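Novice: Next comes the structure file run33.tsv, holding TSV, C-alpha atoms.
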```
chain	number	residue	atom	x	y	z
A	1	TYR	CA	130.33	124.19	70.14
A	2	ASP	CA	128.23	122.13	67.76
A	3	PHE	CA	124.80	122.26	69.39
A	4	LYS	CA	123.08	120.13	66.74
A	5	LYS	CA	125.61	117.30	67.03
A	6	ALA	CA	125.54	117.46	70.84
A	7	GLU	CA	121.74	117.11	70.86
A	8	MET	CA	121.82	114.21	68.41
A	9	ASP	CA	124.52	112.40	70.38
A	10	ALA	CA	122.72	112.89	73.71
A	11	ARG	CA	119.44	111.68	72.20
A	12	LYS	CA	121.12	108.56	70.86
A	13	LEU	CA	123.02	107.72	74.06
A	14	ILE	CA	120.11	108.31	76.45
A	15	TYR	CA	118.59	104.85	75.78
A	16	SER	CA	121.75	102.80	76.17
A	17	LYS	CA	124.33	104.88	78.09
A	18	PRO	CA	122.41	107.54	80.02
A	19	ASP	CA	125.44	108.64	82.06
A	20	SER	CA	127.38	109.42	78.87
A	21	ALA	CA	124.37	111.40	77.64
A	22	LEU	CA	124.34	113.33	80.92
A	23	THR	CA	127.90	114.56	80.34
A	24	ILE	CA	126.83	116.05	76.99
A	25	ILE	CA	123.62	117.51	78.48
A	26	LYS	CA	125.57	119.35	81.19
A	27	ARG	CA	128.14	120.60	78.70
A	28	THR	CA	125.37	121.98	76.44
A	29	LEU	CA	123.52	123.71	79.28
A	30	ALA	CA	126.78	125.38	80.35
A	31	GLN	CA	127.07	127.14	76.95
A	32	LYS	CA	125.91	130.74	76.76
A	33	GLY	CA	123.77	132.32	74.07
A	34	ALA	CA	122.24	129.22	72.53
A	35	HIS	CA	118.82	129.27	70.84
A	36	ASP	CA	115.76	128.62	73.03
A	37	THR	CA	115.06	125.33	71.24
A	38	ILE	CA	118.53	124.09	72.20
A	39	TYR	CA	117.95	124.77	75.89
A	40	GLY	CA	114.37	123.49	75.69
A	41	ASN	CA	115.32	120.24	73.92
A	42	THR	CA	118.30	119.67	76.20
A	43	TYR	CA	116.25	120.09	79.38
A	44	ASN	CA	113.77	117.64	77.87
A	45	ILE	CA	116.59	115.11	77.34
A	46	TYR	CA	117.73	115.85	80.91
A	47	GLY	CA	114.24	114.81	82.01
A	48	MET	CA	114.52	111.65	79.90
A	49	TYR	CA	117.80	110.87	81.69
A	50	PHE	CA	115.92	110.78	85.01
A	51	GLY	CA	113.20	108.71	83.35
A	52	MET	CA	115.85	106.12	82.45
A	53	LYS	CA	117.02	106.16	86.06
A	54	GLY	CA	113.46	105.70	87.34
A	55	ASN	CA	113.25	109.12	89.03
A	56	SER	CA	109.80	110.41	88.02
A	57	ASP	CA	109.87	113.61	90.10
A	58	SER	CA	113.05	114.81	88.40
A	59	LEU	CA	111.70	113.72	85.01
A	60	ILE	CA	108.68	115.98	85.59
A	61	TYR	CA	110.84	118.83	86.96
A	62	TYR	CA	113.19	119.02	83.97
A	63	THR	CA	110.54	118.52	81.29
A	64	LYS	CA	108.55	121.34	82.95
A	65	LYS	CA	111.69	123.48	82.81
A	66	SER	CA	112.12	122.65	79.12
A	67	LEU	CA	108.60	123.97	78.40
A	68	THR	CA	109.60	127.47	79.56
A	69	TYR	CA	111.78	127.68	76.41
A	70	LEU	CA	109.41	126.02	73.94
A	71	ASN	CA	106.15	127.94	73.91
A	72	ARG	CA	106.73	129.23	70.38
A	73	TYR	CA	107.86	125.82	69.05
A	74	PRO	CA	104.85	123.46	69.03
A	75	ARG	CA	106.68	120.33	67.81
A	76	ASN	CA	109.34	120.58	70.49
A	77	LYS	CA	106.75	121.53	73.11
A	78	ALA	CA	104.67	118.46	72.25
A	79	ARG	CA	107.71	116.22	72.72
A	80	SER	CA	108.33	117.62	76.21
A	81	LEU	CA	104.65	117.27	77.15
A	82	MET	CA	104.72	113.60	76.13
A	83	ASN	CA	107.83	112.92	78.22
A	84	MET	CA	106.36	114.75	81.20
A	85	SER	CA	103.24	112.58	80.92
A	86	ILE	CA	105.40	109.47	81.40
A	87	GLY	CA	106.51	110.86	84.77
A	88	TYR	CA	102.90	111.22	85.88
A	89	ARG	CA	102.00	107.80	84.50
A	90	ASN	CA	104.85	106.23	86.50
A	91	LYS	CA	103.49	107.96	89.60
A	92	ALA	CA	100.07	106.38	88.82
A	93	ASP	CA	98.50	109.83	88.24
A	94	TYR	CA	96.80	108.69	85.05
A	95	ASN	CA	94.46	111.67	84.69
A	96	ALA	CA	97.34	114.15	84.74
A	97	ALA	CA	99.25	111.95	82.27
A	98	ILE	CA	96.29	111.70	79.87
A	99	ASN	CA	95.70	115.48	79.96
A	100	LEU	CA	99.32	116.14	78.99
A	101	VAL	CA	99.22	113.61	76.14
A	102	GLU	CA	95.96	115.10	74.86
A	103	GLU	CA	97.54	118.57	74.87
A	104	ALA	CA	100.48	117.17	72.88
A	105	LEU	CA	98.08	115.36	70.53
A	106	GLU	CA	96.34	118.65	69.66
A	107	LEU	CA	99.72	120.25	68.86
A	108	HIS	CA	100.75	117.29	66.68
A	109	LYS	CA	97.44	117.49	64.78
A	110	LYS	CA	97.81	121.26	64.22
A	111	GLU	CA	101.33	120.69	62.91
A	112	ASN	CA	100.17	117.80	60.68
A	113	ASN	CA	102.80	115.70	62.43
A	114	ASN	CA	101.34	112.24	61.81
A	115	VAL	CA	104.20	110.38	63.48
A	116	GLY	CA	103.66	112.56	66.57
A	117	VAL	CA	99.93	111.74	66.51
A	118	ALA	CA	100.76	108.01	66.39
A	119	MET	CA	103.18	108.30	69.33
A	120	ALA	CA	100.56	110.23	71.33
A	121	TYR	CA	98.06	107.43	70.67
A	122	GLY	CA	100.71	105.02	71.98
A	123	GLU	CA	101.14	107.00	75.20
A	124	LEU	CA	97.38	107.22	75.73
A	125	ALA	CA	97.19	103.46	75.26
A	126	SER	CA	99.83	102.88	77.96
A	127	ASN	CA	97.72	104.85	80.42
A	128	TYR	CA	94.53	103.00	79.51
A	129	ASN	CA	96.41	99.72	79.99
A	130	TYR	CA	97.22	100.60	83.58
A	131	MET	CA	93.59	101.65	84.04
A	132	LEU	CA	92.51	98.19	82.76
A	133	GLU	CA	90.73	99.72	79.74
A	134	TYR	CA	92.31	97.28	77.30
A	135	ASP	CA	89.86	97.72	74.43
A	136	LYS	CA	90.53	101.47	74.29
A	137	SER	CA	94.22	100.70	74.41
A	138	ILE	CA	94.17	98.18	71.53
A	139	ASP	CA	92.03	100.52	69.42
A	140	LEU	CA	94.55	103.36	69.84
A	141	LEU	CA	97.56	101.13	69.19
A	142	LEU	CA	96.10	99.73	65.98
A	143	LYS	CA	95.41	103.31	64.82
A	144	ALA	CA	99.01	104.23	65.65
A	145	ILE	CA	100.39	101.23	63.73
A	146	LYS	CA	98.29	102.14	60.69
A	147	ILE	CA	99.63	105.72	60.72
A	148	LEU	CA	103.27	104.66	61.12
A	149	LYS	CA	103.01	102.09	58.34
A	150	ALA	CA	101.50	104.74	56.04
A	151	GLU	CA	104.36	107.10	56.99
A	152	LYS	CA	106.86	104.26	56.41
A	153	ASN	CA	108.23	105.00	59.88
A	154	THR	CA	109.73	101.79	61.24
A	155	LYS	CA	111.82	103.49	63.93
A	156	GLN	CA	108.81	104.36	66.11
A	157	LEU	CA	106.80	101.29	65.10
A	158	VAL	CA	108.74	99.02	67.45
A	159	ALA	CA	107.75	101.09	70.51
A	160	ILE	CA	104.08	100.81	69.54
A	161	LYS	CA	104.41	97.07	68.95
A	162	GLN	CA	105.92	96.72	72.42
A	163	LYS	CA	102.91	98.51	73.93
A	164	LEU	CA	100.57	96.24	71.95
A	165	ALA	CA	102.42	93.18	73.27
A	166	ASN	CA	102.03	94.54	76.84
A	167	THR	CA	98.28	94.86	76.24
A	168	TYR	CA	97.99	91.31	74.94
A	169	LEU	CA	100.00	90.10	77.95
A	170	ALA	CA	97.50	91.86	80.22
A	171	LYS	CA	94.60	90.34	78.27
A	172	GLU	CA	96.20	86.91	78.70
A	173	ASN	CA	96.74	86.35	74.98
A	174	TYR	CA	100.20	84.96	75.70
A	175	PRO	CA	101.26	83.36	72.39
A	176	PHE	CA	100.54	86.57	70.49
A	177	ALA	CA	102.34	88.68	73.12
A	178	ILE	CA	105.37	86.36	72.91
A	179	ASP	CA	105.59	86.66	69.10
A	180	LEU	CA	105.39	90.46	69.31
A	181	TYR	CA	107.98	90.64	72.11
A	182	ARG	CA	110.41	88.57	70.02
A	183	GLU	CA	110.00	90.95	67.07
A	184	CYS	CA	110.57	93.94	69.36
A	185	LEU	CA	113.70	92.41	70.94
A	186	ALA	CA	115.40	92.08	67.56
A	187	GLU	CA	114.51	95.68	66.64
A	188	PHE	CA	115.52	97.20	69.99
A	189	LYS	CA	118.83	95.35	69.79
A	190	ALA	CA	119.47	96.61	66.26
A	191	GLY	CA	118.58	100.18	67.32
A	192	GLY	CA	120.87	100.13	70.38
A	193	MET	CA	117.93	100.78	72.74
A	194	ALA	CA	119.29	98.76	75.63
A	195	LYS	CA	116.81	99.68	78.35
A	196	ASN	CA	113.79	98.99	76.13
A	197	TYR	CA	115.43	95.71	75.15
A	198	TYR	CA	115.78	94.54	78.77
A	199	MET	CA	112.28	95.71	79.75
A	200	THR	CA	110.86	93.76	76.81
A	201	LEU	CA	112.88	90.72	77.85
A	202	MET	CA	111.43	91.02	81.35
A	203	ASN	CA	107.85	91.04	80.00
A	204	LEU	CA	108.65	88.16	77.66
A	205	GLY	CA	109.78	86.21	80.75
A	206	GLU	CA	106.41	86.90	82.38
A	207	ALA	CA	104.55	85.61	79.29
A	208	GLN	CA	106.79	82.53	79.15
A	209	ILE	CA	105.88	81.64	82.74
A	210	GLN	CA	102.21	81.78	81.75
A	211	VAL	CA	102.68	79.31	78.87
A	212	ASN	CA	104.79	77.02	81.07
A	213	ASP	CA	108.06	77.66	79.23
A	214	MET	CA	110.07	77.76	82.45
A	215	VAL	CA	113.46	77.29	80.76
A	216	GLY	CA	112.76	80.25	78.45
A	217	ALA	CA	111.47	82.36	81.33
A	218	GLN	CA	114.56	81.66	83.41
A	219	LYS	CA	116.81	82.70	80.54
A	220	SER	CA	114.82	85.87	79.78
A	221	LEU	CA	114.50	87.06	83.37
A	222	SER	CA	118.09	86.39	84.44
A	223	GLU	CA	119.38	88.29	81.39
A	224	ALA	CA	116.88	91.11	82.00
A	225	VAL	CA	117.77	91.67	85.65
A	226	VAL	CA	121.52	91.82	84.89
A	227	GLY	CA	120.86	94.19	81.97
A	228	LEU	CA	118.65	96.53	83.98
A	229	GLU	CA	121.10	96.86	86.91
A	230	PRO	CA	123.41	99.50	85.29
A	231	PHE	CA	120.46	101.84	84.65
A	232	GLY	CA	119.78	102.02	88.39
A	233	ASP	CA	116.00	102.18	87.86
A	234	LYS	CA	114.94	100.67	91.18
A	235	GLU	CA	111.31	100.26	90.13
A	236	MET	CA	112.14	98.20	87.02
A	237	ILE	CA	114.74	96.08	88.83
A	238	GLY	CA	112.20	95.46	91.61
A	239	ILE	CA	109.49	94.43	89.12
A	240	CYS	CA	111.96	92.08	87.46
A	241	TYR	CA	112.83	90.40	90.78
A	242	SER	CA	109.10	89.93	91.47
A	243	LYS	CA	108.75	88.09	88.15
A	244	ILE	CA	111.73	85.92	89.13
A	245	GLY	CA	109.86	85.28	92.41
A	246	ASN	CA	106.81	84.15	90.45
A	247	LEU	CA	109.01	81.87	88.35
A	248	GLU	CA	110.64	80.29	91.41
A	249	ASN	CA	107.18	79.81	92.92
A	250	ALA	CA	105.94	78.11	89.73
A	251	LEU	CA	108.97	75.81	89.87
A	252	GLY	CA	108.18	74.93	93.49
A	253	HIS	CA	111.31	76.67	94.85
A	254	TYR	CA	109.66	78.27	97.88
A	255	GLU	CA	112.75	79.71	99.62
A	256	LYS	CA	114.18	81.12	96.39
A	257	GLY	CA	110.79	82.64	95.57
A	258	VAL	CA	110.61	84.35	98.96
A	259	ALA	CA	114.19	85.67	98.58
A	260	SER	CA	113.39	87.12	95.14
A	261	PHE	CA	110.22	88.81	96.35
A	262	GLN	CA	112.08	90.26	99.33
A	263	LYS	CA	114.67	91.68	96.90
A	264	ALA	CA	111.81	93.08	94.81
A	265	MET	CA	110.39	94.88	97.86
A	266	ASP	CA	113.84	96.18	98.83
A	267	TYR	CA	114.06	97.91	95.44
A	268	LEU	CA	110.41	98.96	95.08
A	269	VAL	CA	109.84	100.59	98.45
A	270	PRO	CA	112.58	103.27	98.12
A	271	SER	CA	111.60	103.85	94.47
A	272	GLY	CA	108.17	105.13	95.57
A	273	SER	CA	106.56	102.92	92.92
A	274	GLY	CA	102.81	102.30	92.97
A	275	ARG	CA	103.46	98.78	91.65
A	276	VAL	CA	104.44	97.81	95.19
A	277	VAL	CA	100.76	97.06	95.97
A	278	ARG	CA	100.40	94.28	93.40
A	279	ILE	CA	103.83	92.83	94.08
A	280	ALA	CA	103.30	92.87	97.85
A	281	GLY	CA	100.03	90.99	97.21
A	282	GLU	CA	101.86	88.33	95.19
A	283	TYR	CA	104.57	88.12	97.88
A	284	VAL	CA	101.99	87.74	100.66
A	285	ASN	CA	100.25	84.99	98.65
A	286	LEU	CA	103.54	83.10	98.48
A	287	LEU	CA	104.27	83.61	102.18
A	288	ASN	CA	100.76	82.42	103.07
A	289	LYS	CA	101.29	79.33	100.95
A	290	GLY	CA	104.31	78.52	103.12
A	291	GLY	CA	102.39	79.33	106.31
A	292	ASN	CA	104.73	82.24	107.08
A	293	TYR	CA	101.95	84.51	108.35
A	294	LYS	CA	104.29	86.50	110.60
A	295	LYS	CA	106.23	87.75	107.57
A	296	SER	CA	102.96	88.30	105.66
A	297	MET	CA	101.74	90.59	108.46
A	298	GLU	CA	105.02	92.55	108.26
A	299	VAL	CA	104.62	93.05	104.49
A	300	ILE	CA	100.97	94.14	104.93
A	301	ALA	CA	102.00	96.61	107.67
A	302	LEU	CA	104.66	98.04	105.35
A	303	VAL	CA	102.22	98.53	102.45
A	304	GLU	CA	99.66	100.19	104.73
A	305	LYS	CA	102.40	102.60	105.85
A	306	LEU	CA	103.33	103.47	102.24
A	307	LYS	CA	99.77	104.70	101.51
A	308	LYS	CA	99.98	103.59	97.86
A	309	PHE	CA	96.83	101.45	97.86
A	310	ASN	CA	94.45	104.10	96.49
A	311	ASN	CA	96.79	104.88	93.59
A	312	ALA	CA	96.98	101.26	92.45
A	313	ASN	CA	94.67	100.04	89.69
A	314	LEU	CA	91.68	97.90	90.60
A	315	GLN	CA	93.24	94.58	89.67
A	316	ASP	CA	96.35	95.28	91.74
A	317	ARG	CA	94.20	96.32	94.71
A	318	MET	CA	92.22	93.12	94.36
A	319	VAL	CA	95.31	90.87	94.38
A	320	TYR	CA	96.59	92.66	97.47
A	321	LYS	CA	93.29	92.70	99.40
A	322	ASN	CA	92.60	89.04	98.66
A	323	ALA	CA	96.09	88.07	99.87
A	324	ALA	CA	95.64	90.19	103.01
A	325	ALA	CA	92.27	88.50	103.66
A	326	ASP	CA	93.94	85.09	103.43
A	327	THR	CA	96.57	86.25	105.92
A	328	TYR	CA	93.93	87.39	108.42
A	329	LYS	CA	92.08	84.12	107.95
A	330	GLY	CA	95.30	82.16	108.50
A	331	THR	CA	95.95	84.03	111.74
A	332	ASN	CA	92.35	83.48	112.91
A	333	ASN	CA	91.65	87.20	112.71
A	334	ASP	CA	88.11	86.66	111.44
A	335	LYS	CA	86.90	90.24	111.75
A	336	GLU	CA	89.76	91.59	109.60
A	337	ALA	CA	89.41	88.68	107.16
A	338	ILE	CA	85.71	89.33	106.55
A	339	ASN	CA	86.40	93.04	106.15
A	340	ALA	CA	89.17	92.39	103.59
A	341	TYR	CA	87.03	89.86	101.66
A	342	GLN	CA	84.20	92.43	101.54
A	343	GLN	CA	86.62	95.02	100.18
A	344	THR	CA	87.77	92.49	97.58
A	345	ILE	CA	84.16	91.97	96.48
A	346	ALA	CA	83.62	95.76	96.27
A	347	ILE	CA	86.69	96.04	94.05
A	348	MET	CA	85.36	93.21	91.87
A	349	ASP	CA	82.09	95.14	91.49
A	350	SER	CA	84.01	98.26	90.41
A	351	ILE	CA	85.83	96.21	87.81
A	352	ALA	CA	82.46	94.87	86.64
A	353	ASP	CA	81.20	98.46	86.38
A	354	GLN	CA	84.08	99.13	84.02
A	355	GLU	CA	82.65	96.28	81.95
A	356	GLN	CA	85.87	94.35	82.23
A	357	GLN	CA	84.08	91.08	81.67
A	358	SER	CA	87.18	88.97	81.16
A	359	ALA	CA	88.83	90.37	84.29
A	360	VAL	CA	85.65	89.84	86.28
A	361	GLU	CA	85.28	86.20	85.25
A	362	GLU	CA	88.85	85.45	86.24
A	363	ILE	CA	88.41	87.15	89.62
A	364	GLN	CA	85.09	85.44	90.27
A	365	ALA	CA	86.69	82.06	89.62
A	366	LYS	CA	89.48	82.89	92.06
A	367	PHE	CA	86.99	84.05	94.63
A	368	GLN	CA	84.78	80.98	94.29
A	369	THR	CA	87.74	78.69	94.97
A	370	GLU	CA	88.54	80.91	97.97
A	371	LEU	CA	85.02	80.49	99.32
A	372	GLN	CA	85.06	76.74	98.64
A	373	ARG	CA	88.22	76.52	100.71
A	374	GLU	CA	86.50	78.53	103.45
A	375	LYS	CA	83.86	75.76	103.69
```
In structure tokens, what does this structure look like?
Specialist:
Amino acid sequence: YDFKKAEMDARKLIYSKPDSALTIIKRTLAQKGAHDTIYGNTYNIYGMYFGMKGNSDSLIYYTKKSLTYLNRYPRNKARSLMNMSIGYRNKADYNAAINLVEEALELHKKENNNVGVAMAYGELASNYNYMLEYDKSIDLLLKAIKILKAEKNTKQLVAIKQKLANTYLAKENYPFAIDLYRECLAEFKAGGMAKNYYMTLMNLGEAQIQVNDMVGAQKSLSEAVVGLEPFGDKEMIGICYSKIGNLENALGHYEKGVASFQKAMDYLVPSGSGRVVRIAGEYVNLLNKGGNYKKSMEVIALVEKLKKFNNANLQDRMVYKNAAADTYKGTNNDKEAINAYQQTIAIMDSIADQEQQSAVEEIQAKFQTELQREK
């Protein structure tokens, strides 16, 4: 049994044909008497398989198992720690994720593994993005790009560029995000990294909506949702449907928008994703716009039952609370409306405390128009 070849094949297939990789993983783990690094690396790839499928608990379980074989092999150990951190990040446990990446970062530094250091900076940046700390994120990503260029490592550079594009999307610098996404698409396609390709396409679609390129957005999002289906990652498919819902809304297709958001919820709820808070908020906003308060109340009741609100980042909580407040107002439930508006203001203050000036200004503008409408 050629362990080296099996590991290389599994690693290559994991990004485009995870089920084919799984066959190799199981075959390798069935072999007796292999070296610890073989078992350790293979369990790590097993974890990555579940990452591709959107199952964070199993991703954490198998990467943890891989660590039991890798204590004496710092480079391999660091790789498993980084993958495990992605599981925690997906579960919105950002502190646990950051601690794991920092542990990996120390190992990479000790080993003088500059490419590893750059990738760790990239993972830290992803966590800071979700925590709305965009300046920290950009700083880390630019450091990572500098290292990878010095190392002449183009293979990992595309993943860092994708993270940078995501940060610019979040900071509302859409033209720059679009240029970067286009570069990444070409490179992911060339590297056979199908899932990354479709996730990038999905984010490109989001940016295209923001710059009013509705034809481009429609093309990007419909290709992305079809491409993501075979991976079975319910969270990503759900997020993609929510973006299609936003597109339909922007085009004035109310019924289609509602249908897409409902599909998004049908995927997101069973996936256990924390992103359900933001997307439910966007869905409720759309339902309120159509005066469908009964359905809005059902969505709000569902989110309350999921108990995901406290795990969501501040901006996502704000979108959700503001939408809920509008629902209460629309159903003449003044007490609940005032309570939800007060919570929205408290969240805005927390964002201000994080010195997220740009985010604060945007939220204040939204809130002022809300209050004007109240009058």
Novice: Ala159 (chain A): which residues within 9 Å, counting all atoms listed in the file, same-chain residues fewer than 5 positions away excluded, as a list in words?
Specialist: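 Within the cut-off, the hits are Met119, Gly122, Leu164, Cys184, Phe188 and Asn196 of chain A.
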Novice: For region 306-311 of chain A, work out the shell of residues within 12 Å, counting all atoms listed in the file and skipping chain neighbours fewer than 2 positions away, then give it as a PyMOL selection string.
Specialist: chain A and resi 88-95+130-131+265+268-281+299-304+313-321+347
Novice: Find the spatial neighbours of Ala34 (chain A), counting all atoms listed in the file, within a cut-off of 10 Å - ignore same-chain residues fewer than 5 positions away - and output them as a JSON list (two decimals) with C-alpha atoms, keeping the file's coordinate frame.
Specialist:
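Final output, result-v1.json:
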```json
[["chain", "number", "residue", "atom", "x", "y", "z"],
["A", 1, "TYR", "CA", 130.33, 124.19, 70.14],
["A", 3, "PHE", "CA", 124.80, 122.26, 69.39],
["A", 28, "THR", "CA", 125.37, 121.98, 76.44],
["A", 29, "LEU", "CA", 123.52, 123.71, 79.28],
["A", 39, "TYR", "CA", 117.95, 124.77, 75.89]]
```
Novice: Check the smallest atom-to-atom distance from each of A:Val115, A:Gln31, A:Tyr197, A:Glu206 to Leu157 (chain A) using only C-alpha atoms, then report the winner.
Specialist: A:Val115
Novice: Counting all atoms listed in the file, which of A:Pro74, A:Gly40, A:Gly252, A:Gly192 gets nearest to Ile14 (chain A)?
Specialist: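 When distances to Ile14 (chain A) are compared using all atoms listed in the file, the smallest one comes from A:Gly192.
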Novice: Once 3 Å is added on each side, what centre and edge lengths in Å to one decimal does the axis-aligned box around all listed atoms of region 343-352 of chain A have, as AutoDock Vina command-line options?
Specialist:
```
--center_x 84.9 --center_y 95.1 --center_z 93.4 --size_x 11.7 --size_y 12.3 --size_z 19.5
```
Novice: Nearest to Leu185 (chain A): which of A:Ser220, A:Gln208, A:Thr68, A:Asn288 is it, counting only C-alpha atoms?
Specialist: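 Checking each candidate against Leu185 (chain A), we get A:Ser220 as the closest.
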Novice: Please report as a tab-separated table every residue of region 162-207 of chain A lying within 10 Å of region 240-246 of chain A, along with the nearest atom pair and their distance in Å (one decimal), using all atoms listed in the file.
Specialist:
```
residue	atom	partner	partner_atom	distance
A:Tyr198	CA	A:Cys240	CA	9.8
A:Met199	CA	A:Cys240	CA	8.5
A:Leu201	CA	A:Cys240	CA	9.7
A:Met202	CA	A:Cys240	CA	6.2
A:Asn203	CA	A:Cys240	CA	8.6
A:Gly205	CA	A:Lys243	CA	7.7
A:Glu206	CA	A:Lys243	CA	6.3
```
Novice: Mind pulling up the distance from CA of Glu172 (chain A) to CA of Ala207 (chain A)?
Specialist: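 Distance between the two atoms: 8.5 Å.
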Novice: Rank A:Glu133, A:Asp179, A:Asp57, A:Glu248 by their smallest atom-to-atom distance to Ala165 (chain A), using all atoms listed in the file, and report the top residue only.
Specialist: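 Looking only at the distances to Ala165 (chain A), the closest residue turns out to be A:Asp179.
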Novice: With all atoms listed in the file counted, which protein, DNA or RNA residues have an atom no more than 8 Å from (105.7, 90.1, 74.7) in the file frame? Please answer as a list in words.
Specialist: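 The residues that fall inside the cut-off are Gln162, Ala165, Asn166, Tyr168, Leu169, Tyr174, Phe176, Ala177, Ile178, Asp179, Leu180, Tyr181, Arg182, Thr200, Leu201, Asn203, Leu204 and Ala207 of chain A.
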Novice: Using all atoms listed in the file, which protein or nucleic acid residues come within 12 Å of Ser66 (chain A)? Drop anything in the same chain fewer than 3 positions from it, and give the result as a VMD selection string.
Specialist: chain A and resid 29 36 to 48 59 to 63 69 to 71 73 76 to 81 83 to 84
Novice: How many Å lie between CA of Lys109 (chain A) and CA of Gln156 (chain A), rounded to one decimal?
Specialist: 17.4 Å
Novice: Just the number, please: distance in Å from CA of Gly33 (chain A) to CA of Tyr15 (chain A), one decimal.
Specialist: 28.0 Å
Novice: So, counting all atoms listed in the file, which residue among A:Gly291, A:Gly216, A:Gly51, A:Gly116 is closest to Asp326 (chain A)?
Specialist: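 Under the stated criterion, the closest residue is A:Gly291.
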Novice: What would region 114-119 of chain A look like if you wrote it out as an mmCIF file, in the first residue's frame, with all heavy atoms included, from the block I just posted?
Specialist:
```
data_model
loop_
_atom_site.group_PDB
_atom_site.id
_atom_site.type_symbol
_atom_site.label_atom_id
_atom_site.label_comp_id
_atom_site.auth_asym_id
_atom_site.auth_seq_id
_atom_site.Cartn_x
_atom_site.Cartn_y
_atom_site.Cartn_z
ATOM 1 N N ASN A 114 7.476 29.660 7.130
ATOM 2 C CA ASN A 114 6.888 30.961 6.802
ATOM 3 C C ASN A 114 5.524 30.845 6.127
ATOM 4 O O ASN A 114 4.629 31.639 6.384
ATOM 5 C CB ASN A 114 7.831 31.767 5.901
ATOM 6 C CG ASN A 114 9.064 32.212 6.677
ATOM 7 O OD1 ASN A 114 9.033 32.251 7.906
ATOM 8 N ND2 ASN A 114 10.135 32.532 5.985
ATOM 9 N N VAL A 115 5.391 29.847 5.249
ATOM 10 C CA VAL A 115 4.100 29.664 4.572
ATOM 11 C C VAL A 115 3.026 29.332 5.614
ATOM 12 O O VAL A 115 1.914 29.858 5.569
ATOM 13 C CB VAL A 115 4.191 28.559 3.485
ATOM 14 C CG1 VAL A 115 2.809 28.230 2.924
ATOM 15 C CG2 VAL A 115 5.124 29.008 2.365
ATOM 16 N N GLY A 116 3.385 28.511 6.589
ATOM 17 C CA GLY A 116 2.467 28.174 7.686
ATOM 18 C C GLY A 116 2.076 29.405 8.479
ATOM 19 O O GLY A 116 0.906 29.586 8.846
ATOM 20 N N VAL A 117 3.057 30.282 8.738
ATOM 21 C CA VAL A 117 2.787 31.532 9.468
ATOM 22 C C VAL A 117 1.773 32.368 8.684
ATOM 23 O O VAL A 117 0.799 32.884 9.237
ATOM 24 C CB VAL A 117 4.101 32.334 9.696
ATOM 25 C CG1 VAL A 117 3.802 33.759 10.165
ATOM 26 C CG2 VAL A 117 4.989 31.622 10.714
ATOM 27 N N ALA A 118 1.976 32.473 7.369
ATOM 28 C CA ALA A 118 1.072 33.256 6.521
ATOM 29 C C ALA A 118 -0.343 32.680 6.559
ATOM 30 O O ALA A 118 -1.325 33.427 6.667
ATOM 31 C CB ALA A 118 1.589 33.286 5.082
ATOM 32 N N MET A 119 -0.450 31.355 6.492
ATOM 33 C CA MET A 119 -1.785 30.728 6.503
ATOM 34 C C MET A 119 -2.475 30.933 7.861
ATOM 35 O O MET A 119 -3.694 31.106 7.930
ATOM 36 C CB MET A 119 -1.684 29.227 6.173
ATOM 37 C CG MET A 119 -1.150 28.926 4.777
ATOM 38 S SD MET A 119 -1.792 29.999 3.466
ATOM 39 C CE MET A 119 -3.427 29.313 3.263
#
```
